[in-house]
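Structure file my_file-v2.csv; described as CSV, N, CA and C atoms.
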chain,number,residue,atom,x,y,z
A,1,MET,N,33.9,4.2,-4.2
A,1,MET,CA,33.2,4.1,-3.0
A,1,MET,C,32.1,3.0,-3.2
A,2,LYS,N,32.0,2.1,-2.2
A,2,LYS,CA,31.0,1.0,-2.3
A,2,LYS,C,29.8,1.3,-1.6
A,3,ASN,N,28.6,1.1,-2.2
A,3,ASN,CA,27.3,1.3,-1.6
A,3,ASN,C,26.8,0.0,-1.0
A,4,ASN,N,26.5,0.0,0.3
A,4,ASN,CA,25.9,-1.2,0.9
A,4,ASN,C,24.4,-0.9,1.1
A,5,ILE,N,23.6,-1.6,0.4
A,5,ILE,CA,22.1,-1.4,0.6
A,5,ILE,C,21.7,-2.5,1.6
A,6,LYS,N,21.0,-2.0,2.6
A,6,LYS,CA,20.5,-2.9,3.6
A,6,LYS,C,19.0,-3.0,3.5
A,7,LEU,N,18.5,-4.2,3.6
A,7,LEU,CA,17.1,-4.5,3.4
A,7,LEU,C,16.2,-3.7,4.4
A,8,GLU,N,16.7,-3.6,5.7
A,8,GLU,CA,15.9,-2.9,6.7
A,8,GLU,C,15.8,-1.3,6.4
A,9,GLU,N,16.7,-0.8,5.5
A,9,GLU,CA,16.7,0.6,5.2
A,9,GLU,C,16.1,0.8,3.8
A,10,THR,N,15.5,-0.2,3.2
A,10,THR,CA,14.9,-0.1,1.9
A,10,THR,C,13.4,0.0,2.1
A,11,ALA,N,12.8,0.8,1.2
A,11,ALA,CA,11.3,1.0,1.2
A,11,ALA,C,10.8,0.5,-0.1
A,12,PHE,N,9.7,-0.2,-0.1
A,12,PHE,CA,9.1,-0.8,-1.3
A,12,PHE,C,7.8,0.0,-1.5
A,13,ILE,N,7.7,0.7,-2.7
A,13,ILE,CA,6.5,1.4,-3.0
A,13,ILE,C,5.7,0.4,-3.9
A,14,ILE,N,4.5,0.1,-3.4
A,14,ILE,CA,3.6,-0.8,-4.1
A,14,ILE,C,2.7,-0.1,-5.0
A,15,GLY,N,2.9,-0.3,-6.3
A,15,GLY,CA,2.2,0.3,-7.4
A,15,GLY,C,0.8,-0.2,-7.4
A,16,SER,N,0.1,0.1,-8.5
A,16,SER,CA,-1.3,-0.4,-8.7
A,16,SER,C,-1.5,-1.0,-10.1
A,17,GLY,N,-2.6,-1.6,-10.3
A,17,GLY,CA,-2.9,-2.1,-11.6
A,17,GLY,C,-3.0,-3.6,-11.6
A,18,PRO,N,-3.4,-4.2,-12.7
A,18,PRO,CA,-3.6,-5.7,-12.8
A,18,PRO,C,-2.3,-6.5,-12.6
A,19,SER,N,-1.1,-5.9,-12.8
A,19,SER,CA,0.1,-6.6,-12.6
A,19,SER,C,0.3,-7.1,-11.1
A,20,LEU,N,-0.4,-6.4,-10.2
A,20,LEU,CA,-0.3,-6.9,-8.8
A,20,LEU,C,-0.8,-8.3,-8.6
A,21,ASN,N,-1.7,-8.7,-9.5
A,21,ASN,CA,-2.3,-10.0,-9.4
A,21,ASN,C,-1.3,-11.1,-9.7
A,22,LYS,N,-0.2,-10.7,-10.3
A,22,LYS,CA,0.9,-11.7,-10.7
A,22,LYS,C,2.1,-11.7,-9.7
A,23,ILE,N,1.9,-10.9,-8.6
A,23,ILE,CA,3.0,-10.8,-7.7
A,23,ILE,C,2.6,-11.2,-6.3
A,24,ASP,N,3.4,-11.9,-5.6
A,24,ASP,CA,3.1,-12.3,-4.2
A,24,ASP,C,3.5,-11.2,-3.3
A,25,ILE,N,2.6,-10.3,-3.0
A,25,ILE,CA,2.9,-9.1,-2.2
A,25,ILE,C,3.2,-9.5,-0.8
A,26,SER,N,2.7,-10.7,-0.3
A,26,SER,CA,3.0,-11.1,1.0
A,26,SER,C,4.4,-11.2,1.3
A,27,LEU,N,5.3,-11.3,0.3
A,27,LEU,CA,6.7,-11.4,0.5
A,27,LEU,C,7.3,-10.1,1.1
A,28,LEU,N,6.5,-9.1,1.0
A,28,LEU,CA,7.0,-7.8,1.6
A,28,LEU,C,6.6,-7.6,3.1
A,29,LYS,N,5.8,-8.5,3.6
A,29,LYS,CA,5.4,-8.5,5.0
A,29,LYS,C,6.6,-8.3,5.9
A,30,GLY,N,6.5,-7.3,6.8
A,30,GLY,CA,7.5,-7.0,7.8
A,30,GLY,C,8.6,-6.0,7.3
A,31,LEU,N,8.5,-5.7,6.0
A,31,LEU,CA,9.5,-4.7,5.4
A,31,LEU,C,8.8,-3.3,5.3
A,32,ASN,N,9.6,-2.3,5.1
A,32,ASN,CA,9.1,-1.0,4.9
A,32,ASN,C,8.4,-0.9,3.6
A,33,THR,N,7.0,-0.8,3.7
A,33,THR,CA,6.2,-0.7,2.5
A,33,THR,C,5.4,0.5,2.5
A,34,PHE,N,5.0,1.0,1.3
A,34,PHE,CA,4.3,2.2,1.1
A,34,PHE,C,3.2,1.9,0.1
A,35,SER,N,1.9,2.1,0.5
A,35,SER,CA,0.8,1.8,-0.4
A,35,SER,C,0.0,3.1,-0.5
A,36,MET,N,-1.0,3.1,-1.5
A,36,MET,CA,-1.7,4.3,-1.7
A,36,MET,C,-3.1,4.0,-2.3
A,37,ASN,N,-4.0,5.0,-2.2
A,37,ASN,CA,-5.3,5.0,-2.8
A,37,ASN,C,-6.1,3.8,-2.3
A,38,ARG,N,-6.8,3.0,-3.1
A,38,ARG,CA,-7.7,2.0,-2.6
A,38,ARG,C,-7.0,0.7,-2.4
A,39,GLN,N,-5.7,0.6,-2.3
A,39,GLN,CA,-5.0,-0.6,-2.0
A,39,GLN,C,-5.4,-1.2,-0.7
A,40,TYR,N,-5.9,-0.4,0.3
A,40,TYR,CA,-6.3,-1.0,1.6
A,40,TYR,C,-7.3,-2.1,1.5
A,41,ILE,N,-8.1,-2.2,0.3
A,41,ILE,CA,-9.0,-3.3,0.2
A,41,ILE,C,-8.3,-4.6,0.0
A,42,ALA,N,-7.1,-4.6,-0.3
A,42,ALA,CA,-6.3,-5.9,-0.5
A,42,ALA,C,-5.5,-6.3,0.7
A,43,TYR,N,-5.4,-5.4,1.7
A,43,TYR,CA,-4.5,-5.7,2.9
A,43,TYR,C,-4.8,-7.1,3.5
A,44,GLU,N,-6.1,-7.5,3.6
A,44,GLU,CA,-6.4,-8.8,4.1
A,44,GLU,C,-5.8,-9.9,3.3
A,45,ASP,N,-5.9,-9.8,2.0
A,45,ASP,CA,-5.4,-10.8,1.1
A,45,ASP,C,-3.9,-10.8,1.1
A,46,TRP,N,-3.2,-9.6,1.3
A,46,TRP,CA,-1.8,-9.6,1.4
A,46,TRP,C,-1.3,-10.2,2.7
A,47,GLY,N,-2.1,-10.1,3.7
A,47,GLY,CA,-1.7,-10.6,5.0
A,47,GLY,C,-0.9,-9.7,5.9
A,48,PHE,N,-0.9,-8.4,5.5
A,48,PHE,CA,-0.3,-7.4,6.3
A,48,PHE,C,-0.8,-6.0,5.9
A,49,TYR,N,-0.5,-5.0,6.8
A,49,TYR,CA,-0.8,-3.6,6.5
A,49,TYR,C,0.5,-2.9,6.2
A,50,PRO,N,0.6,-2.2,5.1
A,50,PRO,CA,1.9,-1.5,4.9
A,50,PRO,C,2.2,-0.5,6.0
A,51,LYS,N,3.5,-0.2,6.1
A,51,LYS,CA,3.9,0.7,7.1
A,51,LYS,C,3.4,2.1,6.8
A,52,TYR,N,3.4,2.5,5.6
A,52,TYR,CA,3.0,3.8,5.2
A,52,TYR,C,1.8,3.8,4.2
A,53,TYR,N,1.0,4.8,4.2
A,53,TYR,CA,-0.2,4.8,3.4
A,53,TYR,C,-0.4,6.3,3.0
A,54,CYS,N,-0.8,6.5,1.7
A,54,CYS,CA,-1.0,7.8,1.2
A,54,CYS,C,-2.1,7.9,0.2
A,55,MET,N,-2.9,9.0,0.3
A,55,MET,CA,-4.0,9.2,-0.7
A,55,MET,C,-4.0,10.7,-0.9
A,56,ILE,N,-3.7,11.2,-2.1
A,56,ILE,CA,-3.6,12.6,-2.3
A,56,ILE,C,-4.8,13.1,-3.3
A,57,ASP,N,-5.5,12.2,-3.8
A,57,ASP,CA,-6.6,12.6,-4.7
A,57,ASP,C,-7.9,12.9,-3.9
A,58,LYS,N,-8.2,14.2,-3.8
A,58,LYS,CA,-9.3,14.6,-2.9
A,58,LYS,C,-10.6,14.0,-3.3
A,59,LYS,N,-10.9,13.9,-4.6
A,59,LYS,CA,-12.2,13.2,-5.0
A,59,LYS,C,-12.2,11.8,-4.6
A,60,LEU,N,-11.1,11.1,-4.8
A,60,LEU,CA,-11.0,9.7,-4.4
A,60,LEU,C,-11.2,9.5,-2.9
A,61,GLN,N,-10.6,10.5,-2.1
A,61,GLN,CA,-10.8,10.4,-0.6
A,61,GLN,C,-12.3,10.5,-0.3
A,62,GLN,N,-13.0,11.4,-0.9
A,62,GLN,CA,-14.4,11.6,-0.6
A,62,GLN,C,-15.2,10.4,-1.0
A,63,TYR,N,-14.9,9.8,-2.1
A,63,TYR,CA,-15.6,8.6,-2.6
A,63,TYR,C,-15.3,7.4,-1.6
A,64,ILE,N,-14.1,7.2,-1.3
A,64,ILE,CA,-13.8,6.1,-0.4
A,64,ILE,C,-14.4,6.3,1.0
A,65,LEU,N,-14.4,7.5,1.5
A,65,LEU,CA,-15.0,7.8,2.8
A,65,LEU,C,-16.5,7.5,2.8
A,66,LYS,N,-17.2,7.9,1.7
A,66,LYS,CA,-18.6,7.6,1.6
A,66,LYS,C,-18.9,6.1,1.3
A,67,LYS,N,-18.1,5.5,0.5
A,67,LYS,CA,-18.4,4.1,0.1
A,67,LYS,C,-17.9,3.1,1.0
A,68,ASP,N,-16.7,3.3,1.5
A,68,ASP,CA,-16.0,2.2,2.3
A,68,ASP,C,-15.9,2.4,3.8
A,69,ILE,N,-15.7,3.7,4.2
A,69,ILE,CA,-15.4,4.0,5.6
A,69,ILE,C,-16.7,4.2,6.4
A,70,ILE,N,-17.5,5.2,6.0
A,70,ILE,CA,-18.7,5.5,6.8
A,70,ILE,C,-19.7,4.3,7.0
A,71,PRO,N,-19.9,3.5,6.0
A,71,PRO,CA,-20.8,2.4,6.2
A,71,PRO,C,-20.3,1.4,7.3
A,72,LYS,N,-19.0,1.3,7.5
A,72,LYS,CA,-18.5,0.4,8.5
A,72,LYS,C,-18.5,1.0,9.8

What is this file in structure tokens?
Amino acid sequence: MKNNIKLEETAFIIGSGPSLNKIDISLLKGLNTFSMNRQYIAYEDWGFYPKYYCMIDKKLQQYILKKDIIPK
């Protein structure tokens, strides 16, 4: 049985760490992307907002809310 992988049915999970500085994330613009945690601070540099976003760390949520969201 042959598997046909279609780009429009593929999702890219964007990890984190310094290796992101070596990758042109803008190549994922318009594709199904999933980002997490504080990656939202890079969306402007990437030139797009990922389709999906997740943050499951409650302490990080509170920190981001106080530091980045409420002041704006």

I'd like the contact shell of Thr33 in chain A - 5 Å cut-off, all atoms listed in the file, skipping same-chain residues fewer than 6 positions apart - returned as a PyMOL selection string. chain A and resi 12+50-52

Please report, as a ChimeraX atom specification, each residue of chain A to which DSSP assigns helix (DSSP H, G or I) when run on this structure's backbone. /A:7-9,18-22,25-28,37-46,58-69

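From CA of Ser35 in chain A back to atom N of Ile14 in chain A, the distance works out to 5.1 Å.
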
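Reported to one decimal place, the separation of atom N of Met55 in chain A from CA of Lys29 in chain A is 19.9 Å.
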
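Proximity ranking of A:Leu7, A:Pro18, A:Asp45, A:Asp68 relative to Gly30 in chain A places A:Leu7 first, based on only C-alpha atoms.
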
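Between atom C of Ala11 in chain A and atom N of Phe34 in chain A the separation is 6.0 Å.
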
Please give the centre and size of the box around range 33-46 of chain A (axis-aligned, containing every atom listed in the file, 5 Å added per side), with values in Å to one decimal and written as AutoDock Vina command-line options.
--center_x -1.0 --center_y -2.9 --center_z 0.5 --size_x 26.0 --size_y 25.8 --size_z 17.2

Protein, DNA and RNA residues within 9 Å of (-6.6, 7.1, -1.6), only C-alpha atoms, as a list of chain:residue names: A:Met36, A:Asn37, A:Arg38, A:Gln39, A:Tyr40, A:Tyr53, A:Cys54, A:Met55, A:Ile56, A:Asp57, A:Lys58, A:Lys59, A:Leu60, A:Gln61, A:Ile64

Which of chain A fall in strand (DSSP E or B), as a PyMOL selection string: chain A and resi 11-13+32-36+52-54
